[in-house]
>>> print(open('input-v4.cif').read())   # mmCIF, N, CA and C atoms
data_model
#
loop_
_atom_site.group_PDB
_atom_site.id
_atom_site.type_symbol
_atom_site.label_atom_id
_atom_site.label_comp_id
_atom_site.auth_asym_id
_atom_site.auth_seq_id
_atom_site.Cartn_x
_atom_site.Cartn_y
_atom_site.Cartn_z
ATOM 1 N N MET A 8 0.852 -1.166 0.000
ATOM 2 C CA MET A 8 0.000 0.000 0.000
ATOM 3 C C MET A 8 0.901 1.233 0.000
ATOM 4 N N GLU A 9 0.548 2.181 -0.847
ATOM 5 C CA GLU A 9 1.282 3.450 -0.933
ATOM 6 C C GLU A 9 0.442 4.552 -0.296
ATOM 7 N N ASN A 10 1.103 5.549 0.288
ATOM 8 C CA ASN A 10 0.399 6.619 0.994
ATOM 9 C C ASN A 10 0.923 7.993 0.590
ATOM 10 N N ILE A 11 0.029 8.971 0.657
ATOM 11 C CA ILE A 11 0.391 10.379 0.538
ATOM 12 C C ILE A 11 -0.215 11.068 1.755
ATOM 13 N N SER A 12 0.622 11.702 2.553
ATOM 14 C CA SER A 12 0.127 12.435 3.711
ATOM 15 C C SER A 12 -0.545 13.714 3.241
ATOM 16 N N LEU A 13 -1.695 13.963 3.793
ATOM 17 C CA LEU A 13 -2.444 15.169 3.450
ATOM 18 C C LEU A 13 -2.375 16.120 4.632
ATOM 19 N N ASP A 14 -3.451 16.806 4.876
ATOM 20 C CA ASP A 14 -3.559 17.696 6.020
ATOM 21 C C ASP A 14 -3.208 16.917 7.294
ATOM 22 N N LYS A 15 -3.036 17.600 8.387
ATOM 23 C CA LYS A 15 -2.581 17.016 9.649
ATOM 24 C C LYS A 15 -3.256 15.683 9.987
ATOM 25 N N LYS A 16 -4.544 15.595 9.778
ATOM 26 C CA LYS A 16 -5.267 14.401 10.224
ATOM 27 C C LYS A 16 -5.732 13.491 9.092
ATOM 28 N N PHE A 17 -5.352 13.796 7.838
ATOM 29 C CA PHE A 17 -5.807 13.014 6.695
ATOM 30 C C PHE A 17 -4.649 12.335 5.968
ATOM 31 N N LYS A 18 -4.976 11.196 5.323
ATOM 32 C CA LYS A 18 -3.998 10.462 4.541
ATOM 33 C C LYS A 18 -4.724 9.859 3.338
ATOM 34 N N LEU A 19 -4.071 9.902 2.168
ATOM 35 C CA LEU A 19 -4.587 9.263 0.957
ATOM 36 C C LEU A 19 -3.753 8.018 0.717
ATOM 37 N N SER A 20 -4.406 6.858 0.678
ATOM 38 C CA SER A 20 -3.714 5.586 0.479
ATOM 39 C C SER A 20 -4.182 4.936 -0.811
ATOM 40 N N PHE A 21 -3.282 4.158 -1.411
ATOM 41 C CA PHE A 21 -3.557 3.437 -2.649
ATOM 42 C C PHE A 21 -3.284 1.963 -2.384
ATOM 43 N N GLU A 22 -4.331 1.142 -2.425
ATOM 44 C CA GLU A 22 -4.207 -0.284 -2.170
ATOM 45 C C GLU A 22 -4.401 -1.041 -3.480
ATOM 46 N N LYS A 23 -3.419 -1.860 -3.833
ATOM 47 C CA LYS A 23 -3.497 -2.622 -5.080
ATOM 48 C C LYS A 23 -4.337 -3.877 -4.859
ATOM 49 N N LEU A 24 -5.410 -4.007 -5.632
ATOM 50 C CA LEU A 24 -6.268 -5.180 -5.619
ATOM 51 C C LEU A 24 -6.052 -5.933 -6.926
ATOM 52 N N PRO A 25 -6.602 -7.146 -7.086
ATOM 53 C CA PRO A 25 -6.336 -7.907 -8.320
ATOM 54 C C PRO A 25 -6.682 -7.172 -9.622
ATOM 55 N N GLN A 26 -7.801 -6.498 -9.687
ATOM 56 C CA GLN A 26 -8.217 -5.842 -10.928
ATOM 57 C C GLN A 26 -8.237 -4.315 -10.845
ATOM 58 N N THR A 27 -8.176 -3.776 -9.651
ATOM 59 C CA THR A 27 -8.341 -2.335 -9.465
ATOM 60 C C THR A 27 -7.381 -1.797 -8.403
ATOM 61 N N ILE A 28 -7.449 -0.492 -8.231
ATOM 62 C CA ILE A 28 -6.746 0.201 -7.148
ATOM 63 C C ILE A 28 -7.814 0.797 -6.242
ATOM 64 N N ARG A 29 -7.639 0.624 -4.962
ATOM 65 C CA ARG A 29 -8.576 1.199 -4.001
ATOM 66 C C ARG A 29 -7.945 2.452 -3.417
ATOM 67 N N LEU A 30 -8.583 3.596 -3.648
ATOM 68 C CA LEU A 30 -8.137 4.857 -3.068
ATOM 69 C C LEU A 30 -8.871 5.037 -1.748
ATOM 70 N N ILE A 31 -8.118 5.304 -0.702
ATOM 71 C CA ILE A 31 -8.675 5.395 0.642
ATOM 72 C C ILE A 31 -8.277 6.734 1.255
ATOM 73 N N VAL A 32 -9.249 7.458 1.753
ATOM 74 C CA VAL A 32 -8.962 8.656 2.539
ATOM 75 C C VAL A 32 -9.215 8.284 3.987
ATOM 76 N N SER A 33 -8.172 8.407 4.801
ATOM 77 C CA SER A 33 -8.265 8.101 6.230
ATOM 78 C C SER A 33 -8.251 9.402 7.016
ATOM 79 N N LYS A 34 -9.057 9.427 8.040
ATOM 80 C CA LYS A 34 -9.108 10.576 8.939
ATOM 81 C C LYS A 34 -8.712 10.072 10.320
ATOM 82 N N ASN A 35 -7.643 10.622 10.874
ATOM 83 C CA ASN A 35 -7.119 10.173 12.169
ATOM 84 C C ASN A 35 -6.879 8.658 12.169
ATOM 85 N N ASN A 36 -6.283 8.172 11.073
ATOM 86 C CA ASN A 36 -5.919 6.760 10.890
ATOM 87 C C ASN A 36 -7.110 5.800 10.857
ATOM 88 N N GLU A 37 -8.307 6.296 10.604
ATOM 89 C CA GLU A 37 -9.484 5.451 10.424
ATOM 90 C C GLU A 37 -10.047 5.693 9.032
ATOM 91 N N LEU A 38 -10.429 4.603 8.348
ATOM 92 C CA LEU A 38 -10.988 4.731 7.014
ATOM 93 C C LEU A 38 -12.191 5.668 7.050
ATOM 94 N N TRP A 39 -12.168 6.659 6.165
ATOM 95 C CA TRP A 39 -13.254 7.622 6.125
ATOM 96 C C TRP A 39 -14.075 7.436 4.864
ATOM 97 N N VAL A 40 -13.394 7.292 3.716
ATOM 98 C CA VAL A 40 -14.085 7.104 2.446
ATOM 99 C C VAL A 40 -13.127 6.399 1.490
ATOM 100 N N CYS A 41 -13.684 5.605 0.565
ATOM 101 C CA CYS A 41 -12.828 4.927 -0.403
ATOM 102 C C CYS A 41 -13.545 4.792 -1.741
ATOM 103 N N LYS A 42 -12.768 4.513 -2.763
ATOM 104 C CA LYS A 42 -13.300 4.344 -4.121
ATOM 105 C C LYS A 42 -12.351 3.431 -4.873
ATOM 106 N N LYS A 43 -12.902 2.522 -5.681
ATOM 107 C CA LYS A 43 -12.086 1.621 -6.500
ATOM 108 C C LYS A 43 -12.081 2.119 -7.937
ATOM 109 N N GLU A 44 -10.918 2.001 -8.586
ATOM 110 C CA GLU A 44 -10.774 2.422 -9.992
ATOM 111 C C GLU A 44 -9.642 1.633 -10.623
ATOM 112 N N LYS A 45 -9.729 1.444 -11.924
ATOM 113 C CA LYS A 45 -8.657 0.765 -12.649
ATOM 114 C C LYS A 45 -7.449 1.685 -12.749
ATOM 115 N N LEU A 46 -6.271 1.078 -12.681
ATOM 116 C CA LEU A 46 -5.020 1.840 -12.719
ATOM 117 C C LEU A 46 -4.911 2.659 -13.999
ATOM 118 N N LYS A 47 -5.299 2.091 -15.133
ATOM 119 C CA LYS A 47 -5.200 2.827 -16.401
ATOM 120 C C LYS A 47 -6.088 4.066 -16.393
ATOM 121 N N ASN A 48 -7.243 4.016 -15.724
ATOM 122 C CA ASN A 48 -8.115 5.184 -15.636
ATOM 123 C C ASN A 48 -7.520 6.264 -14.732
ATOM 124 N N LEU A 49 -6.812 5.847 -13.696
ATOM 125 C CA LEU A 49 -6.152 6.819 -12.821
ATOM 126 C C LEU A 49 -5.016 7.521 -13.560
ATOM 127 N N PHE A 50 -4.234 6.750 -14.339
ATOM 128 C CA PHE A 50 -3.182 7.354 -15.157
ATOM 129 C C PHE A 50 -3.781 8.295 -16.199
ATOM 130 N N ALA A 51 -4.873 7.890 -16.823
ATOM 131 C CA ALA A 51 -5.518 8.728 -17.840
ATOM 132 C C ALA A 51 -5.972 10.049 -17.225
ATOM 133 N N PHE A 52 -6.529 9.994 -16.029
ATOM 134 C CA PHE A 52 -6.949 11.215 -15.344
ATOM 135 C C PHE A 52 -5.756 12.132 -15.089
ATOM 136 N N ALA A 53 -4.648 11.558 -14.650
ATOM 137 C CA ALA A 53 -3.459 12.363 -14.337
ATOM 138 C C ALA A 53 -2.834 12.959 -15.592
ATOM 139 N N ASP A 54 -2.931 12.251 -16.734
ATOM 140 C CA ASP A 54 -2.238 12.681 -17.948
ATOM 141 C C ASP A 54 -3.070 13.492 -18.928
ATOM 142 N N ASP A 55 -4.344 13.212 -19.040
ATOM 143 C CA ASP A 55 -5.124 13.863 -20.101
ATOM 144 C C ASP A 55 -5.834 15.123 -19.609
ATOM 145 N N GLY A 56 -6.728 15.627 -20.410
ATOM 146 C CA GLY A 56 -7.396 16.883 -20.112
ATOM 147 C C GLY A 56 -8.589 16.779 -19.184
ATOM 148 N N ARG A 57 -8.920 15.560 -18.747
ATOM 149 C CA ARG A 57 -10.065 15.427 -17.836
ATOM 150 C C ARG A 57 -9.798 16.183 -16.550
ATOM 151 N N GLU A 58 -10.812 16.890 -16.093
ATOM 152 C CA GLU A 58 -10.647 17.707 -14.894
ATOM 153 C C GLU A 58 -11.286 17.098 -13.661
ATOM 154 N N HIS A 59 -12.051 16.022 -13.820
ATOM 155 C CA HIS A 59 -12.834 15.486 -12.712
ATOM 156 C C HIS A 59 -12.798 13.960 -12.738
ATOM 157 N N LEU A 60 -12.671 13.351 -11.591
ATOM 158 C CA LEU A 60 -12.711 11.898 -11.483
ATOM 159 C C LEU A 60 -13.560 11.529 -10.282
ATOM 160 N N PHE A 61 -14.478 10.630 -10.471
ATOM 161 C CA PHE A 61 -15.386 10.094 -9.464
ATOM 162 C C PHE A 61 -16.572 11.016 -9.215
ATOM 163 N N LYS A 62 -17.666 10.373 -8.926
ATOM 164 C CA LYS A 62 -18.871 11.046 -8.445
ATOM 165 C C LYS A 62 -19.157 10.433 -7.089
ATOM 166 N N GLY A 63 -19.836 11.137 -6.255
ATOM 167 C CA GLY A 63 -20.157 10.597 -4.941
ATOM 168 C C GLY A 63 -19.359 11.261 -3.839
ATOM 169 N N ARG A 64 -19.093 10.498 -2.790
ATOM 170 C CA ARG A 64 -18.458 11.078 -1.609
ATOM 171 C C ARG A 64 -17.017 11.494 -1.842
ATOM 172 N N LEU A 65 -16.250 10.665 -2.563
ATOM 173 C CA LEU A 65 -14.854 10.988 -2.861
ATOM 174 C C LEU A 65 -14.749 11.499 -4.291
ATOM 175 N N GLN A 66 -14.169 12.667 -4.466
ATOM 176 C CA GLN A 66 -14.007 13.262 -5.791
ATOM 177 C C GLN A 66 -12.618 13.858 -5.926
ATOM 178 N N LEU A 67 -12.054 13.738 -7.128
ATOM 179 C CA LEU A 67 -10.764 14.345 -7.445
ATOM 180 C C LEU A 67 -10.980 15.361 -8.550
ATOM 181 N N PHE A 68 -10.445 16.564 -8.375
ATOM 182 C CA PHE A 68 -10.528 17.639 -9.362
ATOM 183 C C PHE A 68 -9.121 18.074 -9.724
ATOM 184 N N LYS A 69 -8.842 18.141 -11.012
ATOM 185 C CA LYS A 69 -7.507 18.539 -11.465
ATOM 186 C C LYS A 69 -7.565 19.958 -12.012
ATOM 187 N N ARG A 70 -6.579 20.754 -11.609
ATOM 188 C CA ARG A 70 -6.428 22.110 -12.142
ATOM 189 C C ARG A 70 -4.941 22.418 -12.155
ATOM 190 N N ASP A 71 -4.497 22.986 -13.260
ATOM 191 C CA ASP A 71 -3.073 23.237 -13.455
ATOM 192 C C ASP A 71 -2.303 21.940 -13.212
ATOM 193 N N ASN A 72 -1.343 21.939 -12.317
ATOM 194 C CA ASN A 72 -0.584 20.730 -12.001
ATOM 195 C C ASN A 72 -0.894 20.224 -10.606
ATOM 196 N N LYS A 73 -2.136 20.440 -10.177
ATOM 197 C CA LYS A 73 -2.545 20.048 -8.829
ATOM 198 C C LYS A 73 -3.850 19.266 -8.884
ATOM 199 N N ILE A 74 -4.055 18.429 -7.876
ATOM 200 C CA ILE A 74 -5.277 17.646 -7.750
ATOM 201 C C ILE A 74 -5.902 17.967 -6.399
ATOM 202 N N ASP A 75 -7.142 18.450 -6.445
ATOM 203 C CA ASP A 75 -7.900 18.713 -5.221
ATOM 204 C C ASP A 75 -8.614 17.433 -4.809
ATOM 205 N N ILE A 76 -8.516 17.085 -3.553
ATOM 206 C CA ILE A 76 -9.197 15.918 -3.003
ATOM 207 C C ILE A 76 -10.370 16.428 -2.184
ATOM 208 N N ARG A 77 -11.571 16.006 -2.591
ATOM 209 C CA ARG A 77 -12.784 16.456 -1.920
ATOM 210 C C ARG A 77 -13.539 15.251 -1.370
ATOM 211 N N VAL A 78 -14.050 15.409 -0.167
ATOM 212 C CA VAL A 78 -14.901 14.401 0.444
ATOM 213 C C VAL A 78 -16.190 15.097 0.838
ATOM 214 N N LYS A 79 -17.293 14.555 0.362
ATOM 215 C CA LYS A 79 -18.614 15.147 0.615
ATOM 216 C C LYS A 79 -18.623 16.617 0.220
ATOM 217 N N HIS A 80 -18.037 16.922 -0.923
ATOM 218 C CA HIS A 80 -17.969 18.265 -1.517
ATOM 219 C C HIS A 80 -17.133 19.253 -0.705
ATOM 220 N N GLU A 81 -16.371 18.775 0.266
ATOM 221 C CA GLU A 81 -15.501 19.631 1.069
ATOM 222 C C GLU A 81 -14.053 19.369 0.680
ATOM 223 N N LEU A 82 -13.302 20.437 0.412
ATOM 224 C CA LEU A 82 -11.888 20.302 0.060
ATOM 225 C C LEU A 82 -11.100 19.815 1.275
ATOM 226 N N ILE A 83 -10.421 18.663 1.089
ATOM 227 C CA ILE A 83 -9.615 18.087 2.161
ATOM 228 C C ILE A 83 -8.181 18.573 2.056
ATOM 229 N N ASP A 84 -7.620 18.477 0.846
ATOM 230 C CA ASP A 84 -6.252 18.928 0.620
ATOM 231 C C ASP A 84 -5.981 18.925 -0.874
ATOM 232 N N THR A 85 -4.827 19.449 -1.249
ATOM 233 C CA THR A 85 -4.388 19.497 -2.638
ATOM 234 C C THR A 85 -3.012 18.860 -2.719
ATOM 235 N N ILE A 86 -2.832 18.004 -3.737
ATOM 236 C CA ILE A 86 -1.536 17.372 -3.964
ATOM 237 C C ILE A 86 -1.086 17.691 -5.383
ATOM 238 N N SER A 87 0.181 17.493 -5.660
ATOM 239 C CA SER A 87 0.679 17.733 -7.013
ATOM 240 C C SER A 87 0.337 16.541 -7.901
ATOM 241 N N THR A 88 0.119 16.816 -9.160
ATOM 242 C CA THR A 88 -0.147 15.753 -10.137
ATOM 243 C C THR A 88 1.052 14.823 -10.221
ATOM 244 N N GLU A 89 2.240 15.377 -10.093
ATOM 245 C CA GLU A 89 3.463 14.574 -10.169
ATOM 246 C C GLU A 89 3.536 13.551 -9.030
ATOM 247 N N SER A 90 3.230 13.956 -7.812
ATOM 248 C CA SER A 90 3.275 13.007 -6.694
ATOM 249 C C SER A 90 2.204 11.927 -6.859
ATOM 250 N N PHE A 91 1.048 12.283 -7.417
ATOM 251 C CA PHE A 91 -0.014 11.320 -7.701
ATOM 252 C C PHE A 91 0.480 10.281 -8.704
ATOM 253 N N LYS A 92 1.137 10.737 -9.767
ATOM 254 C CA LYS A 92 1.649 9.822 -10.795
ATOM 255 C C LYS A 92 2.786 8.957 -10.259
ATOM 256 N N GLN A 93 3.610 9.491 -9.383
ATOM 257 C CA GLN A 93 4.698 8.708 -8.798
ATOM 258 C C GLN A 93 4.161 7.531 -7.991
ATOM 259 N N VAL A 94 3.127 7.787 -7.220
ATOM 260 C CA VAL A 94 2.517 6.706 -6.434
ATOM 261 C C VAL A 94 1.892 5.671 -7.368
ATOM 262 N N LEU A 95 1.225 6.114 -8.416
ATOM 263 C CA LEU A 95 0.618 5.178 -9.369
ATOM 264 C C LEU A 95 1.674 4.312 -10.037
ATOM 265 N N SER A 96 2.818 4.896 -10.339
ATOM 266 C CA SER A 96 3.907 4.144 -10.978
ATOM 267 C C SER A 96 4.400 3.008 -10.091
ATOM 268 N N LYS A 97 4.375 3.201 -8.794
ATOM 269 C CA LYS A 97 4.809 2.159 -7.869
ATOM 270 C C LYS A 97 3.823 0.990 -7.813
ATOM 271 N N LEU A 98 2.602 1.217 -8.284
ATOM 272 C CA LEU A 98 1.552 0.191 -8.211
ATOM 273 C C LEU A 98 1.463 -0.667 -9.464
ATOM 274 N N LYS A 99 2.292 -0.395 -10.464
ATOM 275 C CA LYS A 99 2.234 -1.153 -11.721
ATOM 276 C C LYS A 99 2.575 -2.599 -11.507
#
>>> encode(input="input-v4.cif", output="C-alpha cells")
Amino acid sequence: MENISLDKKFKLSFEKLPQTIRLIVSKNNELWVCKKEKLKNLFAFADDGREHLFKGRLQLFKRDNKIDIRVKHELIDTISTESFKQVLSKLK
C-alpha cells in the first residue's frame, strides 16, 4: 500500500487489488471514504485533459498541475499531479 500524507489528520492511500486500485482517505488513521478504480483510468486522469474523477463522496478535481481531493464536496487537501503519478507508478 502506498500513501500520501495530506492535512494534519488526513492520509490518501492506494491499495493494489487484483483488478483495481482502491483509493482510501483516512481521517485520524481510520478509514473515512474509499473508491475503487482501474489503474489505467487513474493514469488517464493524471495525464489527459479530464478535470474530474469520481462522483459521490470521494471526488478528485484537477487544475493546473494540482489535484484537489474532496470528500462530501468539502476540500480536504491538494496534492501535485506529479506526486499522484509517482505513487501510481509504484503500483504497476
>>> residues_around(input="input-v4.cif", residues="A:Glu89", least_positions_apart="3", cutoff="8 Å", atoms="all atoms listed in the file", output="list in words")
Ala53, Asn72, Lys73, Ile74, Ile86, Lys92, Gln93, Val94 and Leu95 of chain A
>>> closest_residue(input="input-v4.cif", among="A:Leu19, A:Leu98, A:Val40, A:Leu13", to="A:Lys79", atoms="only C-alpha atoms")
A:Val40
>>> atom_distance(input="input-v4.cif", atom1="atom CA of A:Lys16", atom2="atom C of A:Asn35")
6.3 Å
>>> select_by_dssp(input="input-v4.cif", residues="chain A", states="strand (DSSP E)", output="VMD selection string")
chain A and resid 9 to 12 17 to 23 28 to 34 37 to 44 59 to 60 65 to 70 73 to 78 81 to 87
>>> closest_residue(input="input-v4.cif", among="A:Leu67, A:Thr27, A:Ser96, A:His80", to="A:Phe50", atoms="only C-alpha atoms")
A:Ser96
>>> residues_around(input="input-v4.cif", residues="A:Asp75", least_positions_apart="6", cutoff="6.5 Å", atoms="only N, CA and C atoms", output="MDAnalysis selection string")
chainID A and resid 66:69 83:86
>>> write_last_selection(input="input-v4.cif", atoms="N, CA and C atoms", output="short mmCIF file (atom, residue, chain, number, x, y, z; two decimals), in the frame of the given file")
data_model
loop_
_atom_site.label_atom_id
_atom_site.label_comp_id
_atom_site.auth_asym_id
_atom_site.auth_seq_id
_atom_site.Cartn_x
_atom_site.Cartn_y
_atom_site.Cartn_z
N GLN A 66 -14.17 12.67 -4.47
CA GLN A 66 -14.01 13.26 -5.79
C GLN A 66 -12.62 13.86 -5.93
N LEU A 67 -12.05 13.74 -7.13
CA LEU A 67 -10.76 14.34 -7.44
C LEU A 67 -10.98 15.36 -8.55
N PHE A 68 -10.44 16.56 -8.38
CA PHE A 68 -10.53 17.64 -9.36
C PHE A 68 -9.12 18.07 -9.72
N LYS A 69 -8.84 18.14 -11.01
CA LYS A 69 -7.51 18.54 -11.46
C LYS A 69 -7.56 19.96 -12.01
N ILE A 83 -10.42 18.66 1.09
CA ILE A 83 -9.62 18.09 2.16
C ILE A 83 -8.18 18.57 2.06
N ASP A 84 -7.62 18.48 0.85
CA ASP A 84 -6.25 18.93 0.62
C ASP A 84 -5.98 18.92 -0.87
N THR A 85 -4.83 19.45 -1.25
CA THR A 85 -4.39 19.50 -2.64
C THR A 85 -3.01 18.86 -2.72
N ILE A 86 -2.83 18.00 -3.74
CA ILE A 86 -1.54 17.37 -3.96
C ILE A 86 -1.09 17.69 -5.38
#
>>> residues_near_point(input="input-v4.cif", point="(-10.5, 3.9, -3.0)", cutoff="6 Å", atoms="only N, CA and C atoms", output="list of chain:residue names")
A:Ile28, A:Arg29, A:Leu30, A:Ile31, A:Val40, A:Cys41, A:Lys42, A:Lys43, A:Glu44
>>> select_by_dssp(input="input-v4.cif", residues="chain A", states="helix (DSSP H, G or I)", output="PyMOL selection string")
chain A and resi 46-54+88-97
>>> atom_distance(input="input-v4.cif", atom1="atom CA of A:Gln26", atom2="atom CA of A:Lys45")
6.8 Å
>>> atom_distance(input="input-v4.cif", atom1="atom CA of A:Val78", atom2="atom CA of A:Gly63")
8.4 Å
>>> residues_around(input="input-v4.cif", residues="A:Lys34", least_positions_apart="5", cutoff="6 Å", atoms="only N, CA and C atoms", output="list in words")
Lys16, Phe17, Lys18 and Trp39 of chain A
>>> write_last_selection(input="input-v4.cif", atoms="N, CA and C atoms", output="compact mmCIF listing (two decimals), in the frame of the given file")
# COMPACT_ATOMS: atom_id res chain seq x y z
N LYS A 16 -4.54 15.60 9.78
CA LYS A 16 -5.27 14.40 10.22
C LYS A 16 -5.73 13.49 9.09
N PHE A 17 -5.35 13.80 7.84
CA PHE A 17 -5.81 13.01 6.70
C PHE A 17 -4.65 12.34 5.97
N LYS A 18 -4.98 11.20 5.32
CA LYS A 18 -4.00 10.46 4.54
C LYS A 18 -4.72 9.86 3.34
N TRP A 39 -12.17 6.66 6.16
CA TRP A 39 -13.25 7.62 6.12
C TRP A 39 -14.08 7.44 4.86
